file query-v6.tsv (TSV, C-alpha atoms)
chain	number	residue	atom	x	y	z
A	1	MET	CA	-26.04	-29.36	-26.36
A	2	GLY	CA	-22.84	-28.56	-24.54
A	3	ASN	CA	-20.76	-31.33	-23.01
A	4	SER	CA	-19.66	-30.42	-19.47
A	5	ARG	CA	-16.86	-33.00	-19.77
A	6	VAL	CA	-15.10	-31.14	-22.58
A	7	THR	CA	-11.64	-30.22	-21.31
A	8	LEU	CA	-9.43	-27.26	-22.04
A	9	ARG	CA	-6.97	-29.57	-23.80
A	10	ARG	CA	-9.70	-31.01	-26.00
A	11	VAL	CA	-10.88	-27.52	-26.98
A	12	ALA	CA	-7.27	-26.64	-27.85
A	13	GLU	CA	-6.98	-29.72	-30.09
A	14	MET	CA	-10.21	-28.94	-31.93
A	15	ALA	CA	-9.24	-25.29	-32.42
A	16	GLY	CA	-5.68	-26.15	-33.42
A	17	VAL	CA	-4.11	-23.94	-30.75
A	18	SER	CA	-2.26	-24.41	-27.49
A	19	PRO	CA	-4.10	-24.89	-24.17
A	20	ALA	CA	-2.58	-21.61	-22.98
A	21	THR	CA	-4.19	-19.78	-25.91
A	22	VAL	CA	-7.60	-21.23	-25.04
A	23	SER	CA	-7.16	-20.09	-21.46
A	24	ARG	CA	-6.13	-16.59	-22.50
A	25	VAL	CA	-9.07	-16.23	-24.87
A	26	SER	CA	-11.52	-17.41	-22.21
A	27	ARG	CA	-10.05	-14.93	-19.72
A	28	GLY	CA	-10.04	-12.07	-22.23
A	29	THR	CA	-7.06	-10.40	-20.50
A	30	VAL	CA	-4.30	-11.04	-23.07
A	31	PRO	CA	-4.55	-9.84	-26.71
A	32	VAL	CA	-4.63	-12.55	-29.40
A	33	SER	CA	-5.22	-12.23	-33.12
A	34	PRO	CA	-8.86	-11.82	-34.23
A	35	GLU	CA	-8.65	-15.02	-36.31
A	36	LEU	CA	-7.41	-17.11	-33.37
A	37	ARG	CA	-9.93	-15.55	-31.02
A	38	GLU	CA	-12.86	-16.28	-33.38
A	39	ARG	CA	-11.70	-19.86	-33.92
A	40	VAL	CA	-11.36	-20.60	-30.20
A	41	LEU	CA	-14.64	-18.92	-29.26
A	42	ARG	CA	-16.48	-20.92	-31.95
A	43	VAL	CA	-15.23	-24.22	-30.49
A	44	ILE	CA	-16.02	-23.06	-26.94
A	45	GLU	CA	-19.58	-22.13	-27.96
A	46	GLU	CA	-20.18	-25.30	-29.96
A	47	HIS	CA	-19.06	-27.62	-27.18
A	48	GLY	CA	-20.16	-25.63	-24.13
A	49	TYR	CA	-16.71	-25.53	-22.57
A	50	LYS	CA	-16.63	-23.89	-19.14
A	51	PRO	CA	-13.08	-23.11	-17.94
A	52	SER	CA	-12.13	-24.04	-14.39
A	53	HIS	CA	-9.75	-22.02	-12.25
A	54	PHE	CA	-7.56	-25.07	-11.65
A	55	GLY	CA	-7.47	-26.06	-15.30
A	56	ARG	CA	-6.53	-22.55	-16.35
A	57	ALA	CA	-3.68	-22.42	-13.88
A	58	LEU	CA	-2.43	-25.84	-14.96
A	59	ALA	CA	-2.55	-25.00	-18.67
A	60	GLU	CA	-0.67	-21.76	-18.19
A	61	ARG	CA	1.72	-23.28	-15.67
A	62	ARG	CA	0.31	-20.94	-13.05
A	63	HIS	CA	-0.35	-21.34	-9.35
A	64	GLY	CA	-3.43	-19.15	-9.41
A	65	ALA	CA	-2.09	-17.23	-6.44
A	66	LEU	CA	-0.42	-13.90	-5.70
A	67	GLY	CA	1.93	-13.20	-2.79
A	68	LEU	CA	1.57	-10.22	-0.47
A	69	VAL	CA	4.51	-9.42	1.82
A	70	PHE	CA	4.19	-6.96	4.72
A	71	PRO	CA	6.42	-6.03	7.67
A	72	GLY	CA	3.43	-6.72	9.97
A	73	LEU	CA	-0.33	-7.16	10.03
A	74	SER	CA	-1.55	-5.12	12.99
A	75	GLY	CA	-3.47	-1.89	12.56
A	76	PRO	CA	-6.02	-0.49	10.12
A	77	TYR	CA	-3.46	0.44	7.46
A	78	PHE	CA	-2.51	-3.16	6.70
A	79	SER	CA	-6.12	-4.27	7.04
A	80	GLU	CA	-7.11	-1.79	4.32
A	81	LEU	CA	-4.24	-2.93	2.10
A	82	ILE	CA	-5.21	-6.58	2.40
A	83	GLN	CA	-8.87	-5.87	1.64
A	84	GLY	CA	-8.00	-3.78	-1.41
A	85	PHE	CA	-5.57	-6.37	-2.73
A	86	GLU	CA	-7.87	-9.36	-2.16
A	87	ALA	CA	-10.87	-7.62	-3.74
A	88	GLU	CA	-8.90	-7.02	-6.94
A	89	ALA	CA	-7.40	-10.54	-6.95
A	90	LEU	CA	-10.92	-11.94	-6.65
A	91	GLU	CA	-11.79	-10.27	-9.97
A	92	THR	CA	-9.09	-12.28	-11.74
A	93	GLY	CA	-9.73	-15.52	-9.85
A	94	ASP	CA	-6.44	-15.44	-7.96
A	95	SER	CA	-6.03	-16.41	-4.33
A	96	VAL	CA	-3.74	-14.41	-2.04
A	97	LEU	CA	-0.96	-15.75	0.19
A	98	VAL	CA	-0.06	-13.20	2.88
A	99	LEU	CA	3.33	-13.16	4.58
A	100	ALA	CA	4.05	-10.86	7.53
A	101	SER	CA	7.75	-10.64	8.34
A	102	HIS	CA	7.46	-9.14	11.86
A	103	SER	CA	11.19	-8.31	11.46
A	104	ARG	CA	12.12	-12.00	11.55
A	105	ALA	CA	15.71	-12.93	10.84
A	106	ASP	CA	14.67	-15.44	8.17
A	107	THR	CA	12.40	-13.07	6.23
A	108	ASP	CA	14.48	-13.10	3.03
A	109	ALA	CA	14.57	-16.91	2.93
A	110	THR	CA	10.84	-17.12	3.62
A	111	VAL	CA	10.06	-14.67	0.82
A	112	LEU	CA	12.19	-16.69	-1.62
A	113	ASP	CA	10.28	-19.81	-0.59
A	114	LEU	CA	6.97	-18.02	-1.18
A	115	ALA	CA	8.13	-17.06	-4.68
A	116	ASP	CA	7.99	-20.74	-5.66
A	117	ARG	CA	4.27	-20.89	-4.83
A	118	VAL	CA	2.86	-17.74	-6.45
A	119	ASP	CA	2.63	-16.16	-9.90
A	120	GLY	CA	3.52	-12.66	-8.76
A	121	MET	CA	4.43	-10.90	-5.55
A	122	ALA	CA	3.65	-7.53	-3.95
A	123	ILE	CA	6.27	-6.46	-1.42
A	124	HIS	CA	5.73	-3.55	0.93
A	125	GLY	CA	8.65	-1.14	1.01
A	126	GLY	CA	11.16	-1.70	3.79
A	127	THR	CA	10.20	-5.36	4.31
A	128	VAL	CA	13.04	-7.23	2.60
A	129	SER	CA	16.42	-6.37	1.10
A	130	ALA	CA	16.91	-5.12	-2.45
A	131	GLU	CA	18.97	-8.24	-3.13
A	132	THR	CA	16.04	-10.47	-2.24
A	133	ILE	CA	13.65	-8.42	-4.37
A	134	ALA	CA	16.06	-8.82	-7.29
A	135	LYS	CA	16.16	-12.61	-6.79
A	136	VAL	CA	12.38	-12.85	-6.66
A	137	ALA	CA	11.99	-10.54	-9.68
A	138	ALA	CA	14.22	-12.88	-11.68
A	139	GLN	CA	11.59	-15.60	-11.16
A	140	ILE	CA	8.20	-13.87	-11.15
A	141	PRO	CA	6.70	-10.38	-11.57
A	142	VAL	CA	7.26	-8.18	-8.50
A	143	VAL	CA	5.57	-4.89	-7.63
A	144	VAL	CA	6.78	-2.86	-4.66
A	145	MET	CA	4.22	-0.93	-2.62
A	146	ALA	CA	4.95	2.35	-0.84
A	147	SER	CA	8.49	2.63	-2.22
A	148	GLU	CA	10.42	3.03	-5.46
A	149	ALA	CA	10.61	0.01	-7.74
A	150	GLY	CA	14.35	-0.60	-7.45
A	151	PRO	CA	14.96	-4.11	-8.82
A	152	ALA	CA	11.21	-4.82	-9.10
A	153	GLN	CA	9.27	-4.50	-12.37
A	154	ALA	CA	7.07	-1.69	-11.03
A	155	SER	CA	6.08	0.22	-7.92
A	156	VAL	CA	2.92	1.81	-6.59
A	157	SER	CA	3.19	4.50	-3.94
A	158	VAL	CA	1.44	7.64	-2.74
A	159	ALA	CA	2.56	11.24	-2.98
A	160	ASN	CA	4.08	12.11	0.39
A	161	ASP	CA	4.66	15.74	-0.61
A	162	ASN	CA	1.40	16.79	1.07
A	163	MET	CA	3.28	16.37	4.35
A	164	LYS	CA	5.16	19.50	3.28
A	165	ALA	CA	1.85	21.30	2.71
A	166	LEU	CA	0.60	20.17	6.11
A	167	THR	CA	3.78	21.34	7.85
A	168	ARG	CA	3.66	24.71	6.08
A	169	HIS	CA	0.03	25.05	7.15
A	170	LEU	CA	1.07	24.67	10.76
A	171	LEU	CA	4.03	27.04	10.45
A	172	ILE	CA	2.52	29.76	8.31
A	173	ASP	CA	-1.27	29.63	8.59
A	174	HIS	CA	-1.34	28.95	12.34
A	175	GLY	CA	2.01	30.43	13.32
A	176	TYR	CA	3.24	27.47	15.37
A	177	ARG	CA	6.97	27.84	16.02
A	178	ARG	CA	8.16	24.66	17.75
A	179	LEU	CA	7.24	21.57	15.76
A	180	ALA	CA	8.17	17.96	16.42
A	181	PHE	CA	8.05	15.00	14.03
A	182	VAL	CA	7.02	11.57	15.37
A	183	GLY	CA	8.15	8.50	13.43
A	184	THR	CA	11.28	6.54	12.59
A	185	PRO	CA	12.55	7.10	9.04
A	186	ASP	CA	15.02	4.20	9.23
A	187	GLY	CA	13.76	1.26	7.17
A	188	SER	CA	10.50	2.90	6.06
A	189	PRO	CA	10.53	4.65	2.66
A	190	ASP	CA	7.20	6.36	3.42
A	191	VAL	CA	8.30	7.74	6.80
A	192	THR	CA	11.61	8.83	5.30
A	193	ALA	CA	9.79	10.77	2.57
A	194	ARG	CA	7.48	12.39	5.13
A	195	TRP	CA	10.39	13.42	7.36
A	196	GLN	CA	12.14	14.94	4.33
A	197	ALA	CA	8.94	16.81	3.42
A	198	PHE	CA	8.71	18.07	7.01
A	199	LEU	CA	12.28	19.40	6.77
A	200	ALA	CA	11.64	20.93	3.34
A	201	ALA	CA	8.64	22.83	4.71
A	202	HIS	CA	10.80	24.37	7.43
A	203	LYS	CA	13.41	25.36	4.88
A	204	SER	CA	10.87	26.99	2.56
A	205	ALA	CA	9.34	28.85	5.54
A	206	ARG	CA	12.82	29.85	6.74
A	207	ARG	CA	12.27	28.16	10.10
A	208	LYS	CA	14.70	25.95	11.99
A	209	PRO	CA	13.47	22.33	12.22
A	210	PRO	CA	14.23	19.92	15.06
A	211	SER	CA	17.52	18.12	14.53
A	212	GLU	CA	15.99	14.65	14.94
A	213	PRO	CA	12.55	13.05	14.79
A	214	ILE	CA	11.02	11.29	17.80
A	215	ARG	CA	11.95	7.74	16.83
A	216	VAL	CA	9.05	5.41	17.63
A	217	GLY	CA	7.05	2.81	15.73
A	218	LEU	CA	3.81	3.33	13.86
A	219	GLN	CA	1.21	1.86	16.22
A	220	GLN	CA	-1.12	3.73	18.56
A	221	SER	CA	0.87	2.54	21.56
A	222	ASP	CA	3.95	4.16	20.03
A	223	GLY	CA	2.13	7.47	20.07
A	224	ALA	CA	1.77	7.06	23.84
A	225	ILE	CA	5.52	6.36	24.05
A	226	ALA	CA	6.22	9.54	22.10
A	227	ALA	CA	3.99	11.41	24.56
A	228	GLU	CA	6.36	10.48	27.38
A	229	GLN	CA	9.18	12.28	25.57
A	230	LEU	CA	7.20	15.28	24.33
A	231	LEU	CA	4.50	16.27	26.78
A	232	ASP	CA	6.59	16.51	29.94
A	233	ALA	CA	9.46	18.41	28.31
A	234	THR	CA	10.14	21.96	29.49
A	235	ASP	CA	10.36	23.04	25.84
A	236	ARG	CA	7.23	21.14	24.81
A	237	PRO	CA	6.42	21.67	21.11
A	238	ASP	CA	3.31	23.61	20.25
A	239	ALA	CA	2.54	21.32	17.29
A	240	VAL	CA	3.39	17.71	16.43
A	241	VAL	CA	3.46	16.14	12.97
A	242	CYS	CA	3.06	12.36	13.19
A	243	ALA	CA	4.08	9.97	10.42
A	244	ASN	CA	0.68	8.25	10.53
A	245	ASP	CA	-2.74	8.49	12.15
A	246	GLU	CA	-2.19	5.66	14.62
A	247	THR	CA	0.67	7.40	16.40
A	248	ALA	CA	-1.19	10.71	16.19
A	249	LEU	CA	-4.25	9.21	17.90
A	250	GLY	CA	-2.08	7.63	20.59
A	251	LEU	CA	-0.45	10.99	21.23
A	252	LEU	CA	-3.83	12.76	21.17
A	253	LEU	CA	-5.32	10.44	23.79
A	254	SER	CA	-2.23	10.81	25.99
A	255	ALA	CA	-2.38	14.61	25.77
A	256	LEU	CA	-6.07	14.70	26.67
A	257	GLY	CA	-5.44	12.25	29.49
A	258	ARG	CA	-2.91	14.65	30.97
A	259	GLY	CA	-5.40	17.49	30.92
A	260	LEU	CA	-3.88	19.26	27.93
A	261	ARG	CA	-6.13	20.98	25.42
A	262	VAL	CA	-5.81	20.14	21.74
A	263	PRO	CA	-5.05	22.30	19.82
A	264	GLN	CA	-4.84	25.16	22.34
A	265	ASP	CA	-1.93	23.64	24.28
A	266	ILE	CA	-0.57	21.40	21.55
A	267	ALA	CA	-1.68	20.78	17.96
A	268	ILE	CA	-1.48	17.19	16.65
A	269	THR	CA	-1.65	15.95	13.05
A	270	GLY	CA	-1.31	12.59	11.26
A	271	PHE	CA	-1.18	10.91	7.86
A	272	ASP	CA	-3.57	8.30	6.32
A	273	ASP	CA	-7.07	9.55	7.20
A	274	MET	CA	-8.20	6.37	8.90
A	275	PRO	CA	-11.92	6.25	9.82
A	276	MET	CA	-11.08	7.07	13.45
A	277	ALA	CA	-9.38	10.30	12.40
A	278	ALA	CA	-12.74	11.95	11.67
A	279	LEU	CA	-14.39	10.43	14.76
A	280	ALA	CA	-11.78	11.56	17.29
A	281	ARG	CA	-12.52	14.61	19.43
A	282	PRO	CA	-11.04	16.88	18.38
A	283	ALA	CA	-11.12	15.45	14.85
A	284	LEU	CA	-7.65	14.81	13.48
A	285	THR	CA	-6.02	16.96	10.81
A	286	THR	CA	-4.25	14.56	8.46
A	287	VAL	CA	-3.29	13.69	4.88
A	288	ARG	CA	-5.69	11.33	3.14
A	289	GLN	CA	-4.04	8.58	1.13
A	290	PRO	CA	-5.93	6.06	-1.09
A	291	ILE	CA	-4.86	2.91	0.75
A	292	ARG	CA	-7.23	0.48	-0.95
A	293	GLU	CA	-6.46	1.89	-4.39
A	294	LEU	CA	-2.74	1.51	-3.62
A	295	ALA	CA	-3.28	-2.21	-3.04
A	296	ALA	CA	-5.79	-2.68	-5.86
A	297	THR	CA	-3.47	-1.03	-8.41
A	298	THR	CA	-0.66	-3.30	-7.26
A	299	ALA	CA	-2.84	-6.40	-7.66
A	300	ARG	CA	-3.90	-5.33	-11.16
A	301	LEU	CA	-0.27	-5.02	-12.23
A	302	LEU	CA	0.43	-8.54	-10.97
A	303	ALA	CA	-2.73	-10.25	-12.25
A	304	ASP	CA	-1.37	-10.82	-15.75
A	305	PRO	CA	2.23	-12.04	-15.91
A	306	LEU	CA	2.42	-11.05	-19.59
A	307	ALA	CA	1.55	-7.41	-18.96
A	308	GLU	CA	4.14	-4.77	-19.74
A	309	PRO	CA	6.01	-3.28	-16.74
A	310	ALA	CA	4.29	-0.11	-15.58
A	311	GLY	CA	7.26	1.65	-13.98
A	312	ASP	CA	6.55	3.88	-10.98
A	313	ILE	CA	2.93	4.80	-10.28
A	314	ILE	CA	2.32	7.58	-7.75
A	315	LEU	CA	-1.21	8.05	-6.43
A	316	PRO	CA	-2.34	11.50	-5.24
A	317	THR	CA	-3.04	12.41	-1.61
A	318	GLU	CA	-5.20	15.14	-0.10
A	319	LEU	CA	-4.69	17.50	2.84
A	320	VAL	CA	-7.62	17.24	5.28
A	321	LEU	CA	-7.87	20.10	7.79
A	322	ARG	CA	-9.79	19.47	11.00
A	323	ALA	CA	-9.94	20.73	14.56
A	324	SER	CA	-6.78	19.13	15.99
A	325	CYS	CA	-4.59	21.75	14.27
A	326	GLY	CA	-6.90	24.64	15.04
A	327	CYS	CA	-9.12	24.60	11.96
A	328	GLY	CA	-12.88	24.64	12.31
A	329	GLY	CA	-13.46	21.44	10.36
A	330	GLU	CA	-12.75	19.55	7.16
A	331	ARG	CA	-12.44	21.60	4.03

call {"tool": "encode", "arguments": {"input": "query-v6.tsv", "output": "structure tokens"}}
result
Amino acid sequence: MGNSRVTLRRVAEMAGVSPATVSRVSRGTVPVSPELRERVLRVIEEHGYKPSHFGRALAERRHGALGLVFPGLSGPYFSELIQGFEAEALETGDSVLVLASHSRADTDATVLDLADRVDGMAIHGGTVSAETIAKVAAQIPVVVMASEAGPAQASVSVANDNMKALTRHLLIDHGYRRLAFVGTPDGSPDVTARWQAFLAAHKSARRKPPSEPIRVGLQQSDGAIAAEQLLDATDRPDAVVCANDETALGLLLSALGRGLRVPQDIAITGFDDMPMAALARPALTTVRQPIRELAATTARLLADPLAEPAGDIILPTELVLRASCGCGGER
């Protein structure tokens, strides 16, 4: 009969291995030699050892926690990221410590403090400086989300090139001639890539792009702010490409509130494919990105500190055509 009081250290002594090896065998996530594995599993079975999360963390000198650093927490995008990350961390028994910088002056110092309390850290692109990422990466595994790895061990991002396909669709398939881009590239790797894709689409279509984007944030209220600049202008654009769905929906509601018809008077598109994008009327043309998979992939890379660096992982996106650009529906 198994003894529930058998400890990890006692199992290690009986098997003639280190406590860390017992923990790794019981987790099954790190390769060990067949001979060691068989020896440890035989002792575990004979004595009914049941590993605890706390004991495992202690034996491996782990905190049993992963850090997740964002620029903010508001909006469905960050909600989806958190859910995807936490669901994956749950599979490996890790808790998640979330830090939202909200553009605080002490963000770098706070992130360095967090590094002392977690086994690995996911940092959203544009949140902290490259110098801080390098300091954290010298201590623990770091994976950057929605940006290139830089000084981190790895990165997970999405393919923003479908913004070029979306822009070309507006220019060529629909024949819109005056396009505007809503979003601030400064400080956001994703928005920067989407602005560059927007410009590249104009170049490939031999059309002149606007000289500057409409520089606003990424919340729905920022879409309403952009509407103040765009909808009352004498040279109002006939189509608007927004950096994300939230700003697109804010702009869409503002346009409808002013009595404009979408897309007849102005076409509006986004990026993300949030649930509300399909429910809006007209439904929003957008680019679908796998937000939860972005976070889950990041968490998997961090779950095992002995895993090999994965480099840069780029997840595919998908162009979703709906009524807000003039298409009949999703296809």

call {"tool": "residues_around", "arguments": {"input": "query-v6.tsv", "residues": "segment 318-327 of chain A", "least_positions_apart": "4", "cutoff": "10 Å", "atoms": "only C-alpha atoms", "output": "number ranges by chain"}}
result
A: 159-163, 165-166, 169-170, 173-174, 176, 239-241, 252, 261-264, 266-273, 277-278, 280-290, 331

call {"tool": "atom_distance", "arguments": {"input": "query-v6.tsv", "atom1": "atom CA of Val96 of chain A", "atom2": "atom CA of Pro275 of chain A"}}
result
25.2 Å

call {"tool": "residues_around", "arguments": {"input": "query-v6.tsv", "residues": "Ile82 of chain A", "least_positions_apart": "3", "cutoff": "9 Å", "atoms": "all atoms listed in the file", "output": "list of chain:residue names"}}
result
A:Leu68, A:Tyr77, A:Phe78, A:Ser79, A:Phe85, A:Glu86, A:Ala87, A:Val98, A:Arg292, A:Ala295

call {"tool": "write_last_selection", "arguments": {"input": "query-v6.tsv", "atoms": "C-alpha atoms", "output": "PDB file, keeping the file's coordinate frame"}}
result
ATOM      1  CA  LEU A  68       1.570 -10.220  -0.470  1.00  0.00           C
ATOM      2  CA  TYR A  77      -3.460   0.440   7.460  1.00  0.00           C
ATOM      3  CA  PHE A  78      -2.510  -3.160   6.700  1.00  0.00           C
ATOM      4  CA  SER A  79      -6.120  -4.270   7.040  1.00  0.00           C
ATOM      5  CA  PHE A  85      -5.570  -6.370  -2.730  1.00  0.00           C
ATOM      6  CA  GLU A  86      -7.870  -9.360  -2.160  1.00  0.00           C
ATOM      7  CA  ALA A  87     -10.870  -7.620  -3.740  1.00  0.00           C
ATOM      8  CA  VAL A  98      -0.060 -13.200   2.880  1.00  0.00           C
ATOM      9  CA  ARG A 292      -7.230   0.480  -0.950  1.00  0.00           C
ATOM     10  CA  ALA A 295      -3.280  -2.210  -3.040  1.00  0.00           C
TER      11      ALA A 295
END

call {"tool": "closest_residue", "arguments": {"input": "query-v6.tsv", "among": "A:Leu36, A:Ala248, A:Val144, A:Leu294", "to": "Gly183 of chain A", "atoms": "all atoms listed in the file"}}
result
A:Ala248

call {"tool": "atom_distance", "arguments": {"input": "query-v6.tsv", "atom1": "atom CA of Thr234 of chain A", "atom2": "atom CA of Leu171 of chain A"}}
result
20.6 Å

call {"tool": "atom_distance", "arguments": {"input": "query-v6.tsv", "atom1": "atom CA of Val118 of chain A", "atom2": "atom CA of Val11 of chain A"}}
result
26.6 Å

call {"tool": "residues_near_point", "arguments": {"input": "query-v6.tsv", "point": "(7.3, -1.0, 1.5)", "cutoff": "6 Å", "atoms": "only C-alpha atoms", "output": "count of residues only"}}
result
7

call {"tool": "residues_around", "arguments": {"input": "query-v6.tsv", "residues": "Gln153 of chain A", "least_positions_apart": "2", "cutoff": "7 Å", "atoms": "all atoms listed in the file", "output": "compact mmCIF listing (two decimals) with C-alpha atoms, keeping the file's coordinate frame"}}
result
# COMPACT_ATOMS: atom_id res chain seq x y z
CA PRO A 141 6.70 -10.38 -11.57
CA VAL A 142 7.26 -8.18 -8.50
CA VAL A 143 5.57 -4.89 -7.63
CA ALA A 149 10.61 0.01 -7.74
CA PRO A 151 14.96 -4.11 -8.82
CA PRO A 309 6.01 -3.28 -16.74
CA GLY A 311 7.26 1.65 -13.98

call {"tool": "residues_around", "arguments": {"input": "query-v6.tsv", "residues": "Glu228 of chain A", "least_positions_apart": "5", "cutoff": "12 Å", "atoms": "all atoms listed in the file", "output": "number ranges by chain"}}
result
A: 214, 216, 221-223, 233, 236, 250-251, 254-255, 258

call {"tool": "residues_around", "arguments": {"input": "query-v6.tsv", "residues": "Val191 of chain A", "least_positions_apart": "2", "cutoff": "10 Å", "atoms": "all atoms listed in the file", "output": "PyMOL selection string"}}
result
chain A and resi 146+160+182-189+193-197+218+242-244

call {"tool": "closest_residue", "arguments": {"input": "query-v6.tsv", "among": "A:Arg168, A:Ala201, A:Ala130, A:Val136", "to": "Gly150 of chain A", "atoms": "only C-alpha atoms"}}
result
A:Ala130

call {"tool": "closest_residue", "arguments": {"input": "query-v6.tsv", "among": "A:Lys203, A:Arg177, A:Arg117, A:Arg10", "to": "Gln139 of chain A", "atoms": "all atoms listed in the file"}}
result
A:Arg117

call {"tool": "closest_residue", "arguments": {"input": "query-v6.tsv", "among": "A:Thr298, A:Gln229, A:Thr192, A:Ser204", "to": "Thr167 of chain A", "atoms": "all atoms listed in the file"}}
result
A:Ser204

call {"tool": "closest_residue", "arguments": {"input": "query-v6.tsv", "among": "A:Thr297, A:Thr317, A:Thr247, A:Ser33", "to": "Glu88 of chain A", "atoms": "all atoms listed in the file"}}
result
A:Thr297

call {"tool": "residues_near_point", "arguments": {"input": "query-v6.tsv", "point": "(5.2, -12.3, -10.0)", "cutoff": "10 Å", "atoms": "all atoms listed in the file", "output": "ChimeraX atom specification"}}
result
/A:65-67,115-116,118-122,136-143,152-153,301-305
